[in-house]
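The file input-v4.txt comes next; it holds compact mmCIF, C-alpha atoms.
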```
# COMPACT_ATOMS: atom_id res chain seq x y z
CA MET A 259 15.32 25.06 3.22
CA SER A 260 18.08 25.42 0.64
CA GLN A 261 18.76 22.73 -1.93
CA THR A 262 21.81 22.05 -4.09
CA ASP A 263 20.95 19.84 -7.09
CA LYS A 264 18.43 17.84 -5.02
CA PHE A 265 20.80 17.41 -2.08
CA LEU A 266 20.78 18.90 1.44
CA ASP A 267 23.62 19.53 3.84
CA ALA A 268 23.81 17.60 7.12
CA GLU A 269 21.99 20.18 9.22
CA GLU A 270 19.12 20.49 6.74
CA ALA A 271 18.87 16.72 6.25
CA ALA A 272 18.74 16.03 9.99
CA ALA A 273 16.13 18.76 10.48
CA ALA A 274 13.98 17.40 7.64
CA LEU A 275 13.93 13.98 9.32
CA GLY A 276 13.65 15.30 12.87
CA ILE A 277 16.78 13.43 13.98
CA ASN A 278 20.28 14.26 15.17
CA ARG A 279 23.39 13.99 13.01
CA ALA A 280 24.49 10.72 14.58
CA THR A 281 21.24 9.08 13.46
CA LEU A 282 21.64 10.65 10.01
CA TYR A 283 25.10 9.12 9.65
CA ALA A 284 23.69 5.77 10.80
CA TYR A 285 21.07 5.93 8.04
CA VAL A 286 23.82 6.62 5.51
CA SER A 287 25.91 3.67 6.74
CA ARG A 288 22.85 1.39 6.38
CA GLY A 289 22.38 2.50 2.78
CA LEU A 290 19.07 4.28 3.46
CA ILE A 291 20.33 7.71 2.40
CA GLN A 292 22.81 8.46 -0.35
CA ALA A 293 25.60 10.89 0.56
CA THR A 294 27.97 12.65 -1.81
CA GLY A 295 30.76 15.19 -1.60
CA ALA A 296 30.17 18.89 -2.23
CA GLY A 297 32.07 20.17 -5.24
CA ASP A 298 33.30 23.33 -3.52
CA ASP A 299 34.41 21.58 -0.31
CA PRO A 300 35.44 17.89 -0.37
CA ARG A 301 35.06 17.70 3.44
CA ARG A 302 31.40 18.70 3.26
CA ARG A 303 28.77 16.01 2.62
CA LEU A 304 25.39 16.40 0.92
CA TYR A 305 22.43 14.08 1.35
CA SER A 306 19.85 12.96 -1.21
CA VAL A 307 16.49 14.75 -0.97
CA HIS A 308 14.83 11.81 -2.74
CA ASP A 309 16.11 9.32 -0.15
CA ILE A 310 15.14 11.62 2.70
CA GLU A 311 11.58 11.99 1.36
CA GLN A 312 11.27 8.23 0.85
CA LEU A 313 12.48 7.58 4.40
CA LYS A 314 10.03 10.13 5.80
CA LYS A 315 7.21 8.46 3.90
CA ARG A 316 8.18 5.01 5.15
CA LYS A 317 8.41 6.22 8.75
CA SER A 318 5.03 7.94 8.48
CA VAL A 319 3.04 5.06 7.00
CA GLY A 320 4.79 2.56 9.25
CA ARG A 321 2.85 3.97 12.19
CA ARG A 322 -0.49 3.72 10.34
CA PRO A 323 -1.19 0.29 8.80
CA LYS A 324 -4.21 1.40 6.77
CA GLU A 325 -2.33 4.29 5.21
CA ALA A 326 0.64 2.01 4.56
CA ALA A 327 -1.59 -0.42 2.66
CA ALA A 328 -3.11 2.40 0.60
CA THR A 329 0.20 3.99 -0.35
CA ALA A 330 1.64 0.60 -1.35
CA LEU A 331 -0.40 0.88 -4.56
CA ASP A 332 1.14 4.27 -5.40
CA TRP A 333 4.92 3.81 -5.84
CA GLY A 334 4.95 2.66 -2.22
CA LEU A 335 6.51 -0.17 -0.24
CA PRO A 336 6.84 -3.63 -1.87
CA VAL A 337 3.66 -5.70 -1.67
CA MET A 338 4.81 -8.95 -3.30
CA THR A 339 7.89 -11.11 -3.41
CA SER A 340 9.49 -11.82 -6.77
CA ALA A 341 12.78 -13.16 -8.08
CA ILE A 342 12.38 -11.59 -11.53
CA THR A 343 13.44 -7.94 -11.50
CA LEU A 344 14.99 -5.51 -9.04
CA ILE A 345 15.06 -1.70 -9.29
CA ASP A 346 17.61 -0.40 -6.82
CA GLN A 347 19.92 2.62 -6.60
CA GLY A 348 19.19 3.62 -10.18
CA ARG A 349 19.89 0.14 -11.55
CA LEU A 350 17.60 -2.27 -13.40
CA ILE A 351 18.51 -5.88 -12.60
CA TYR A 352 17.10 -9.03 -14.22
CA ARG A 353 17.55 -12.08 -11.96
CA GLY A 354 20.84 -10.76 -10.61
CA GLN A 355 22.18 -9.41 -13.92
CA ASP A 356 22.42 -5.73 -14.78
CA ALA A 357 20.06 -4.93 -17.68
CA LEU A 358 22.42 -2.29 -19.09
CA GLN A 359 25.22 -4.82 -19.29
CA LEU A 360 22.91 -7.40 -20.84
CA ALA A 361 21.88 -4.86 -23.46
CA GLU A 362 25.42 -4.76 -24.80
CA THR A 363 25.22 -8.25 -26.32
CA ALA A 364 22.09 -10.19 -25.28
CA SER A 365 19.02 -10.77 -27.42
CA LEU A 366 15.43 -10.63 -26.23
CA GLU A 367 15.37 -14.42 -26.45
CA ASP A 368 18.36 -14.58 -24.09
CA VAL A 369 16.54 -12.35 -21.61
CA ALA A 370 13.39 -14.45 -21.93
CA ARG A 371 15.34 -17.57 -20.96
CA LEU A 372 16.78 -15.67 -18.01
CA LEU A 373 13.50 -14.21 -16.77
CA TRP A 374 11.59 -17.47 -17.30
CA ASP A 375 14.38 -19.26 -15.40
CA CYS A 376 14.93 -21.77 -18.21
CA GLY A 377 18.53 -22.61 -17.29
CA PRO A 378 20.32 -24.27 -20.23
CA ALA A 379 17.04 -24.98 -22.06
CA ASN A 380 16.20 -22.83 -25.07
CA PRO A 381 12.46 -22.94 -25.76
CA PHE A 382 12.86 -20.78 -28.86
CA GLU A 383 14.64 -23.69 -30.55
CA ASP A 384 11.79 -26.10 -29.80
CA ARG A 385 9.70 -26.88 -32.89
CA LYS A 386 6.60 -26.17 -30.79
CA ALA A 387 7.80 -22.59 -30.40
CA ALA A 388 7.06 -21.79 -34.04
CA ALA A 389 4.02 -19.54 -34.16
CA ASP A 390 1.31 -20.73 -36.54
CA PRO A 391 0.34 -18.31 -39.35
CA TRP A 392 -2.97 -16.47 -39.16
CA ASP A 393 -5.69 -16.71 -41.73
CA ALA A 394 -5.02 -13.98 -44.30
CA ALA A 395 -8.57 -12.63 -44.06
CA LEU A 396 -8.30 -12.35 -40.28
CA LEU A 397 -4.97 -10.56 -40.55
CA GLY A 398 -6.39 -8.15 -43.09
CA ALA A 399 -9.46 -7.44 -41.00
CA THR A 400 -7.34 -6.30 -38.05
CA THR A 401 -4.86 -4.02 -39.85
CA SER A 402 -6.88 -0.87 -39.18
CA LEU A 403 -7.17 -1.51 -35.44
CA PRO A 404 -4.97 0.34 -32.92
CA LEU A 405 -1.90 -1.68 -31.97
CA THR A 406 -3.04 -3.08 -28.62
CA GLU A 407 -6.52 -3.93 -29.93
CA ARG A 408 -4.98 -5.64 -32.98
CA CYS A 409 -2.85 -7.82 -30.73
CA GLN A 410 -5.84 -8.63 -28.54
CA ALA A 411 -7.82 -9.64 -31.63
CA LEU A 412 -5.10 -11.86 -33.12
CA LEU A 413 -3.58 -13.59 -30.10
CA PRO A 414 -6.67 -15.73 -29.33
CA PHE A 415 -6.11 -17.42 -32.70
CA VAL A 416 -2.69 -18.70 -31.67
CA ALA A 417 -2.97 -22.49 -31.30
CA ALA A 418 -5.29 -23.30 -28.39
CA GLY A 419 -2.70 -25.40 -26.61
CA ARG A 420 -0.41 -22.42 -26.29
CA MET A 421 -3.21 -20.37 -24.77
CA THR A 422 -4.94 -22.70 -22.32
CA ALA A 423 -2.46 -25.44 -21.34
CA TRP A 424 -1.81 -23.62 -18.10
CA ARG A 425 -1.82 -25.94 -15.10
CA ARG A 426 1.38 -27.70 -16.08
CA ASP A 427 5.03 -27.63 -15.12
CA SER A 428 6.53 -24.40 -16.44
CA ARG A 429 9.00 -26.32 -18.57
CA ARG A 430 6.12 -27.62 -20.67
CA LEU A 431 4.79 -24.08 -21.09
CA TRP A 432 8.02 -22.51 -22.36
CA PRO A 433 7.66 -23.43 -26.06
CA GLY A 434 4.10 -22.07 -26.11
CA ALA A 435 5.31 -18.93 -24.36
CA ALA A 436 8.02 -18.50 -27.02
CA ALA A 437 5.36 -18.87 -29.74
CA LEU A 438 3.28 -16.18 -28.03
CA VAL A 439 6.23 -13.77 -28.00
CA ARG A 440 6.75 -14.33 -31.72
CA SER A 441 3.02 -13.94 -32.33
CA MET A 442 3.00 -10.67 -30.38
CA ALA A 443 5.83 -9.31 -32.52
CA ALA A 444 3.98 -10.21 -35.70
CA ALA A 445 0.65 -8.88 -34.42
CA CYS A 446 2.20 -5.53 -33.49
CA LEU A 447 3.35 -5.11 -37.09
CA GLY A 448 0.29 -6.69 -38.68
CA VAL A 449 2.26 -9.41 -40.48
CA GLN A 450 2.69 -13.17 -40.30
CA PRO A 451 5.03 -14.52 -37.58
CA ASP A 452 8.52 -15.81 -38.30
CA THR A 453 11.12 -17.93 -36.48
CA ALA A 454 14.00 -15.46 -37.01
CA PRO A 455 15.52 -13.79 -33.92
CA LEU A 456 13.07 -11.12 -32.85
CA HIS A 457 15.31 -8.12 -33.47
CA ALA A 458 16.25 -9.53 -36.89
CA PHE A 459 12.59 -10.14 -37.70
CA LEU A 460 11.71 -6.53 -36.82
CA ALA A 461 14.73 -5.16 -38.68
CA LYS A 462 13.69 -7.05 -41.82
CA GLN A 463 10.12 -5.78 -41.60
CA TRP A 464 11.39 -2.22 -41.12
CA SER A 465 14.15 -2.51 -43.79
CA LEU A 466 16.97 -1.74 -41.34
CA GLU A 467 20.67 -2.39 -41.77
CA ALA A 468 22.87 -4.09 -39.16
CA HIS A 469 23.29 -0.99 -36.97
CA GLY A 470 19.54 -0.39 -36.83
CA ALA A 471 18.92 -4.05 -36.02
CA ASP A 472 21.37 -3.78 -33.12
CA LEU A 473 19.60 -0.70 -31.78
CA ILE A 474 16.32 -2.63 -31.89
CA ARG A 475 17.95 -5.52 -30.03
CA ARG A 476 19.24 -3.15 -27.35
CA ALA A 477 15.84 -1.48 -26.90
CA LEU A 478 14.03 -4.82 -26.61
CA VAL A 479 16.39 -6.05 -23.89
CA LEU A 480 15.98 -2.87 -21.83
CA GLN A 481 12.17 -2.99 -22.03
CA ALA A 482 11.75 -6.68 -21.19
CA ASP A 483 10.56 -6.12 -17.64
CA HIS A 484 10.18 -3.38 -15.05
CA GLU A 485 9.23 -5.05 -11.80
CA LEU A 486 5.62 -4.63 -10.58
CA ASN A 487 4.40 -1.92 -12.95
CA ALA A 488 0.73 -1.54 -13.87
CA SER A 489 0.71 -4.06 -16.73
CA ALA A 490 2.77 -6.66 -14.84
CA PHE A 491 0.44 -6.34 -11.87
CA ALA A 492 -2.58 -6.77 -14.17
CA VAL A 493 -0.96 -9.91 -15.59
CA ARG A 494 -0.34 -11.29 -12.12
CA VAL A 495 -3.90 -10.61 -11.01
CA ALA A 496 -5.19 -12.49 -14.07
CA ALA A 497 -2.71 -15.34 -13.53
CA SER A 498 -3.71 -15.65 -9.88
CA THR A 499 -7.26 -16.54 -10.97
CA GLY A 500 -5.99 -19.44 -13.08
CA ALA A 501 -6.66 -17.58 -16.35
CA SER A 502 -4.87 -18.83 -19.47
CA LEU A 503 -1.52 -17.43 -20.48
CA GLY A 504 -3.16 -15.73 -23.45
CA ALA A 505 -5.72 -14.10 -21.15
CA CYS A 506 -2.89 -12.86 -18.93
CA LEU A 507 -1.23 -11.20 -21.94
CA ASN A 508 -4.58 -9.65 -22.83
CA ALA A 509 -4.69 -8.06 -19.37
CA GLY A 510 -1.17 -6.75 -19.81
CA LEU A 511 -2.01 -5.22 -23.19
CA SER A 512 -5.06 -3.47 -21.75
CA ALA A 513 -2.99 -1.84 -19.03
CA LEU A 514 -0.17 -0.99 -21.44
CA SER A 515 -2.50 0.94 -23.74
CA GLY A 516 -3.19 3.71 -21.20
CA PRO A 517 -1.45 7.10 -21.54
CA ARG A 518 0.17 6.72 -18.12
CA HIS A 519 1.92 3.54 -19.25
CA GLY A 520 2.88 2.42 -22.77
CA GLY A 521 0.54 4.99 -24.27
CA MET A 522 2.91 7.65 -22.91
CA THR A 523 4.91 7.16 -26.12
CA SER A 524 2.06 8.81 -28.05
CA LEU A 525 2.24 11.88 -25.80
CA VAL A 526 6.01 12.05 -26.30
CA GLU A 527 5.46 11.85 -30.07
CA LEU A 528 3.22 14.91 -29.84
CA LEU A 529 5.89 16.71 -27.82
CA PHE A 530 8.47 15.96 -30.51
CA ASP A 531 6.01 17.12 -33.20
CA GLU A 532 5.69 20.41 -31.34
CA LEU A 533 9.46 20.71 -31.10
CA GLU A 534 9.81 20.30 -34.84
CA LYS A 535 7.05 22.83 -35.52
CA VAL A 536 8.36 25.52 -33.17
CA GLY A 537 12.07 24.80 -33.57
CA ASP A 538 13.02 25.90 -30.05
CA ALA A 539 13.00 23.50 -27.09
CA ALA A 540 13.08 26.19 -24.41
CA GLU A 541 10.11 27.96 -25.99
CA VAL A 542 8.10 24.73 -26.18
CA VAL A 543 8.79 23.84 -22.55
CA GLU A 544 7.98 27.35 -21.36
CA ALA A 545 4.73 27.47 -23.35
CA ARG A 546 3.60 24.10 -22.05
CA LEU A 547 4.32 25.01 -18.45
CA ARG A 548 2.54 28.36 -18.79
CA ARG A 549 -0.65 26.71 -20.01
CA GLY A 550 -0.47 24.08 -17.28
CA ASP A 551 0.56 21.16 -19.50
CA SER A 552 3.07 18.56 -18.40
CA ILE A 553 6.23 17.60 -20.21
CA PRO A 554 5.65 13.88 -20.94
CA GLY A 555 8.46 11.37 -20.71
CA PHE A 556 10.52 12.93 -17.93
CA ASP A 557 11.18 12.46 -14.20
CA HIS A 558 10.53 8.77 -13.45
CA PRO A 559 9.69 8.34 -9.71
CA LEU A 560 11.94 5.27 -9.38
CA TYR A 561 14.94 6.93 -11.03
CA PRO A 562 15.62 10.37 -9.52
CA ASP A 563 19.04 10.42 -11.20
CA GLY A 564 17.80 9.22 -14.59
CA ASP A 565 16.22 6.18 -16.20
CA PRO A 566 18.95 3.63 -17.09
CA ARG A 567 16.80 2.34 -19.94
CA ALA A 568 16.93 5.77 -21.56
CA TYR A 569 20.66 6.07 -21.03
CA GLY A 570 21.10 2.63 -22.53
CA ILE A 571 19.58 3.87 -25.81
CA LEU A 572 19.99 7.62 -26.29
CA PRO A 573 23.83 7.76 -26.43
CA HIS A 574 23.76 5.22 -29.26
CA LEU A 575 21.55 7.38 -31.49
CA PRO A 576 22.86 10.02 -33.89
CA GLN A 577 22.88 13.47 -32.33
CA GLU A 578 19.85 15.59 -33.10
CA ARG A 579 19.75 19.26 -32.15
CA LEU A 580 16.17 19.64 -30.95
CA ARG A 581 16.26 16.41 -28.95
CA GLY A 582 19.55 17.43 -27.35
CA ASP A 583 18.20 20.89 -26.56
CA LEU A 584 15.10 19.40 -24.94
CA LEU A 585 17.15 17.11 -22.68
CA THR A 586 19.37 20.05 -21.70
CA VAL A 587 16.45 22.38 -20.97
CA MET A 588 14.66 19.78 -18.85
CA GLU A 589 17.75 18.99 -16.81
CA GLU A 590 18.89 22.57 -16.31
CA THR A 591 15.49 24.15 -15.59
CA ALA A 592 13.63 21.33 -13.83
CA GLY A 593 16.32 18.84 -12.85
CA GLN A 594 14.38 16.16 -14.76
CA HIS A 595 15.78 13.31 -16.84
CA PRO A 596 14.28 11.43 -19.81
CA THR A 597 12.46 8.14 -19.33
CA CYS A 598 12.41 5.14 -21.63
CA ASP A 599 9.42 6.67 -23.45
CA VAL A 600 11.58 9.52 -24.74
CA ALA A 601 14.29 7.06 -25.73
CA LEU A 602 11.89 4.80 -27.64
CA VAL A 603 10.34 7.71 -29.54
CA ALA A 604 13.79 9.14 -30.30
CA LEU A 605 14.85 5.71 -31.58
CA ARG A 606 11.71 5.48 -33.71
CA ARG A 607 12.33 8.86 -35.29
CA SER A 608 16.07 8.34 -35.71
CA LEU A 609 15.55 5.09 -37.64
CA GLY A 610 12.60 6.42 -39.62
CA LEU A 611 10.25 3.71 -38.36
CA PRO A 612 6.46 3.93 -38.79
CA ARG A 613 4.60 5.97 -36.23
CA GLY A 614 3.52 3.70 -33.38
CA SER A 615 6.71 1.63 -33.54
CA ALA A 616 7.81 2.90 -30.12
CA LEU A 617 4.74 1.30 -28.54
CA ALA A 618 5.29 -1.82 -30.65
CA LEU A 619 8.81 -2.23 -29.25
CA PHE A 620 7.45 -1.71 -25.75
CA ALA A 621 4.71 -4.33 -26.16
CA ILE A 622 6.91 -6.95 -27.84
CA ALA A 623 9.66 -6.68 -25.24
CA ARG A 624 7.33 -6.49 -22.26
CA THR A 625 5.57 -9.69 -23.36
CA VAL A 626 8.66 -11.52 -22.11
CA GLY A 627 8.32 -9.94 -18.67
CA TRP A 628 4.58 -10.51 -18.54
CA ILE A 629 5.07 -14.20 -19.18
CA ALA A 630 7.73 -14.34 -16.46
CA HIS A 631 5.31 -12.77 -13.97
CA ALA A 632 2.47 -15.08 -15.04
CA LEU A 633 4.66 -18.15 -14.58
CA GLU A 634 5.88 -16.99 -11.18
CA GLN A 635 2.35 -16.16 -10.05
CA LYS A 636 1.11 -19.56 -11.25
CA ASP A 637 3.58 -21.25 -8.92
CA ASP A 638 2.43 -19.06 -6.01
CA GLU A 639 -1.08 -20.57 -6.21
CA ARG A 640 -2.75 -17.72 -4.34
CA LEU A 641 -5.51 -15.40 -5.50
CA ILE A 642 -4.56 -11.71 -5.49
CA ARG A 643 -7.48 -10.13 -3.72
CA PRO A 644 -6.77 -6.85 -1.85
CA ARG A 645 -9.43 -5.17 0.29
CA ALA A 646 -10.95 -1.74 -0.28
CA ARG A 647 -11.19 0.89 2.46
CA TYR A 648 -14.84 1.89 2.20
CA ILE A 649 -15.53 5.67 2.30
CA GLY A 650 -19.14 5.66 1.06
CA PRO A 651 -22.38 6.16 2.98
CA MET A 652 -23.64 3.69 5.54
CA PRO A 653 -27.21 2.34 5.72
CA ALA A 654 -29.60 4.12 8.07
```

Encoding of this model in structure tokens:
Amino acid sequence: MSQTDKFLDAEEAAAALGINRATLYAYVSRGLIQATGAGDDPRRRLYSVHDIEQLKKRKSVGRRPKEAAATALDWGLPVMTSAITLIDQGRLIYRGQDALQLAETASLEDVARLLWDCGPANPFEDRKAAADPWDAALLGATTSLPLTERCQALLPFVAAGRMTAWRRDSRRLWPGAAALVRSMAAACLGVQPDTAPLHAFLAKQWSLEAHGADLIRRALVLQADHELNASAFAVRVAASTGASLGACLNAGLSALSGPRHGGMTSLVELLFDELEKVGDAAEVVEARLRRGDSIPGFDHPLYPDGDPRAYGILPHLPQERLRGDLLTVMEETAGQHPTCDVALVALRRSLGLPRGSALALFAIARTVGWIAHALEQKDDERLIRPRARYIGPMPA
């Protein structure tokens, strides 16, 4: 089966699906398969391999309920309803607004108000949204901890009312939620919280000028939420039990720390270290593939044509040869595009921020989304309790 830049012609596409061309065209008209023109012949149409594979998967599991339930936990069909975030056709949408467009001017606080569905209210202006300072000895005792563990150690000392006043109308929880976001930002950096806008607070701590502060603002907006990812799901499971808002954030931090989630930034850092040491992107990629290693930070399953979060950051950074060569090599040899992890690490290095700052930006921004999911799950009032398909031995 031939393939042109991840697209098939009509005959190949119909054969892959086991359908005739009329049915193929019907799928295109219903938006199930993306079609595009062929560069060498404008009359010829090509059809997305990604969409075809997704449709085949959906048709297959649709006939087997148990398999459908199992694959739902692995980039599968939607398993929950939510009004927070949509990922569709390569776009990231926060409550009906395109995240890339929001990133042009919005702050993380603006996005928090949107995702928390605050309407005209601004909880960050409420005096109760000011995060209380930590005891200096406590702050000092946590400075040597890894970032996620430091946050998990400090957040329980945020005023108890912000952590446990849970079974209330969401409007009464917003100021405490705002205080938790500010506390998370301070905990990530190991400093006392402040009431300044979050991107300005981070820029001050990192001694950045106006342009750097704006890049931080942009990155925070684009990382605020990402639908039902591992950490958001962990937050929702915790929230469904009636756990406190602080406990929900703790669950999110635990999931974020793993190398297949926020911890991916550490693997991308090592990739960039190797690039700098070797000085040749093609050689690094070839050597990694030969020894069976992956290339971290590329080819997001939900964005076959590229992660919009990455493309909302990378073009705004100064050009850097090795980074540019890596992106070119990955696209030309593997057809893979950078994810937000690559963009955050590139931003960290471009601005000269401390190592680990990419994960800090991820955690601070995602706190806003976690809170949105916790609030939405609270209103659902149902326990998340899936069943396991037992494959172990049976009693005699």

* Would you list the contacts of range 377-385 of chain A as an MDAnalysis selection string, taking every protein, DNA or RNA residue within 12 Å and counting all atoms listed in the file, but skipping same-chain residues closer than 2 positions in sequence? => chainID A and resid 353 365:375 387:390 428:440 452:456

With C-alpha atoms kept, could you save the residues just selected as a compact mmCIF listing (two decimals), in the frame of the given file?
```txt
# COMPACT_ATOMS: atom_id res chain seq x y z
CA ARG A 353 17.55 -12.08 -11.96
CA SER A 365 19.02 -10.77 -27.42
CA LEU A 366 15.43 -10.63 -26.23
CA GLU A 367 15.37 -14.42 -26.45
CA ASP A 368 18.36 -14.58 -24.09
CA VAL A 369 16.54 -12.35 -21.61
CA ALA A 370 13.39 -14.45 -21.93
CA ARG A 371 15.34 -17.57 -20.96
CA LEU A 372 16.78 -15.67 -18.01
CA LEU A 373 13.50 -14.21 -16.77
CA TRP A 374 11.59 -17.47 -17.30
CA ASP A 375 14.38 -19.26 -15.40
CA ALA A 387 7.80 -22.59 -30.40
CA ALA A 388 7.06 -21.79 -34.04
CA ALA A 389 4.02 -19.54 -34.16
CA ASP A 390 1.31 -20.73 -36.54
CA SER A 428 6.53 -24.40 -16.44
CA ARG A 429 9.00 -26.32 -18.57
CA ARG A 430 6.12 -27.62 -20.67
CA LEU A 431 4.79 -24.08 -21.09
CA TRP A 432 8.02 -22.51 -22.36
CA PRO A 433 7.66 -23.43 -26.06
CA GLY A 434 4.10 -22.07 -26.11
CA ALA A 435 5.31 -18.93 -24.36
CA ALA A 436 8.02 -18.50 -27.02
CA ALA A 437 5.36 -18.87 -29.74
CA LEU A 438 3.28 -16.18 -28.03
CA VAL A 439 6.23 -13.77 -28.00
CA ARG A 440 6.75 -14.33 -31.72
CA ASP A 452 8.52 -15.81 -38.30
CA THR A 453 11.12 -17.93 -36.48
CA ALA A 454 14.00 -15.46 -37.01
CA PRO A 455 15.52 -13.79 -33.92
CA LEU A 456 13.07 -11.12 -32.85
```

* To do: Find the residues near Gly510 in chain A: any atom within 6 Å, counting only C-alpha atoms, skip ones fewer than 4 places away on the same chain, and give them as a list of chain:residue names.
  => A:Ser489, A:Ala492, A:Val493

* To do: Would you work out the distance separating CA of Ala540 in chain A from CA of Thr597 in chain A, expressed in Å to one decimal?
  =>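 Straight-line distance from CA of Ala540 in chain A to CA of Thr597 in chain A works out to 18.8 Å.
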
* **Surrounding residues of range 620-634 of chain A excluding itself and chain neighbours under 4 positions, 6 Å, all atoms listed in the file, as a VMD selection string** => chain A and resid 370 373 to 374 442 to 443 478 481 to 483 490 494 497

* Between CA of Ala445 in chain A and CA of Cys409 in chain A, what is the distance, to one decimal in Å? ->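 Those two atoms sit 5.2 Å apart.
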
* What is the CA of Gly650 in chain A-CA of Pro517 in chain A distance in Å, reported with one decimal? ->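 For CA of Gly650 in chain A relative to CA of Pro517 in chain A, the distance reads 28.7 Å.
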
* Asked: So which residues touch range 565-567 of chain A within 6 Å, counting all atoms listed in the file, skipping near sequence neighbours fewer than 2 positions away, as a PyMOL selection string?
  -> chain A and resi 480+561+569-570+597-598

* Restricting the calculation to only C-alpha atoms, which member of A:Gly550, A:Gly470, A:Gly289, A:Gly516 is positioned closest to Arg606 in chain A? -> A:Gly470

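Using all atoms listed in the file, the smallest distance between any of A:Ala601, A:Val307, A:Leu529, A:Ala471 and Asp551 in chain A comes from A:Leu529.
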
* Go through A:Gly555, A:Ile310, A:Leu525, A:Leu486 one by one, measure the shortest atom-to-atom distance of each to Ile342 in chain A using all atoms listed in the file, and give the residue with the smallest value. => A:Leu486

* Which residues come within 12 Å of Glu578 in chain A, counting only C-alpha atoms, excluding same-chain residues fewer than 4 positions away, as a PyMOL selection string? -> chain A and resi 530+533-534+572-574+582-585+604-605+607-608

Restricting the output to C-alpha atoms, write the selected residues as a short mmCIF file (atom, residue, chain, number, x, y, z; two decimals), in the frame of the given file.
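The new file selection06.cif reads:
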```cif
data_model
loop_
_atom_site.label_atom_id
_atom_site.label_comp_id
_atom_site.auth_asym_id
_atom_site.auth_seq_id
_atom_site.Cartn_x
_atom_site.Cartn_y
_atom_site.Cartn_z
CA PHE A 530 8.47 15.96 -30.51
CA LEU A 533 9.46 20.71 -31.10
CA GLU A 534 9.81 20.30 -34.84
CA LEU A 572 19.99 7.62 -26.29
CA PRO A 573 23.83 7.76 -26.43
CA HIS A 574 23.76 5.22 -29.26
CA GLY A 582 19.55 17.43 -27.35
CA ASP A 583 18.20 20.89 -26.56
CA LEU A 584 15.10 19.40 -24.94
CA LEU A 585 17.15 17.11 -22.68
CA ALA A 604 13.79 9.14 -30.30
CA LEU A 605 14.85 5.71 -31.58
CA ARG A 607 12.33 8.86 -35.29
CA SER A 608 16.07 8.34 -35.71
#
```

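Distance check against Ala477 in chain A using all atoms listed in the file: of A:Leu528, A:Leu405, A:Val286, A:Ala361, the minimum falls on A:Ala361.
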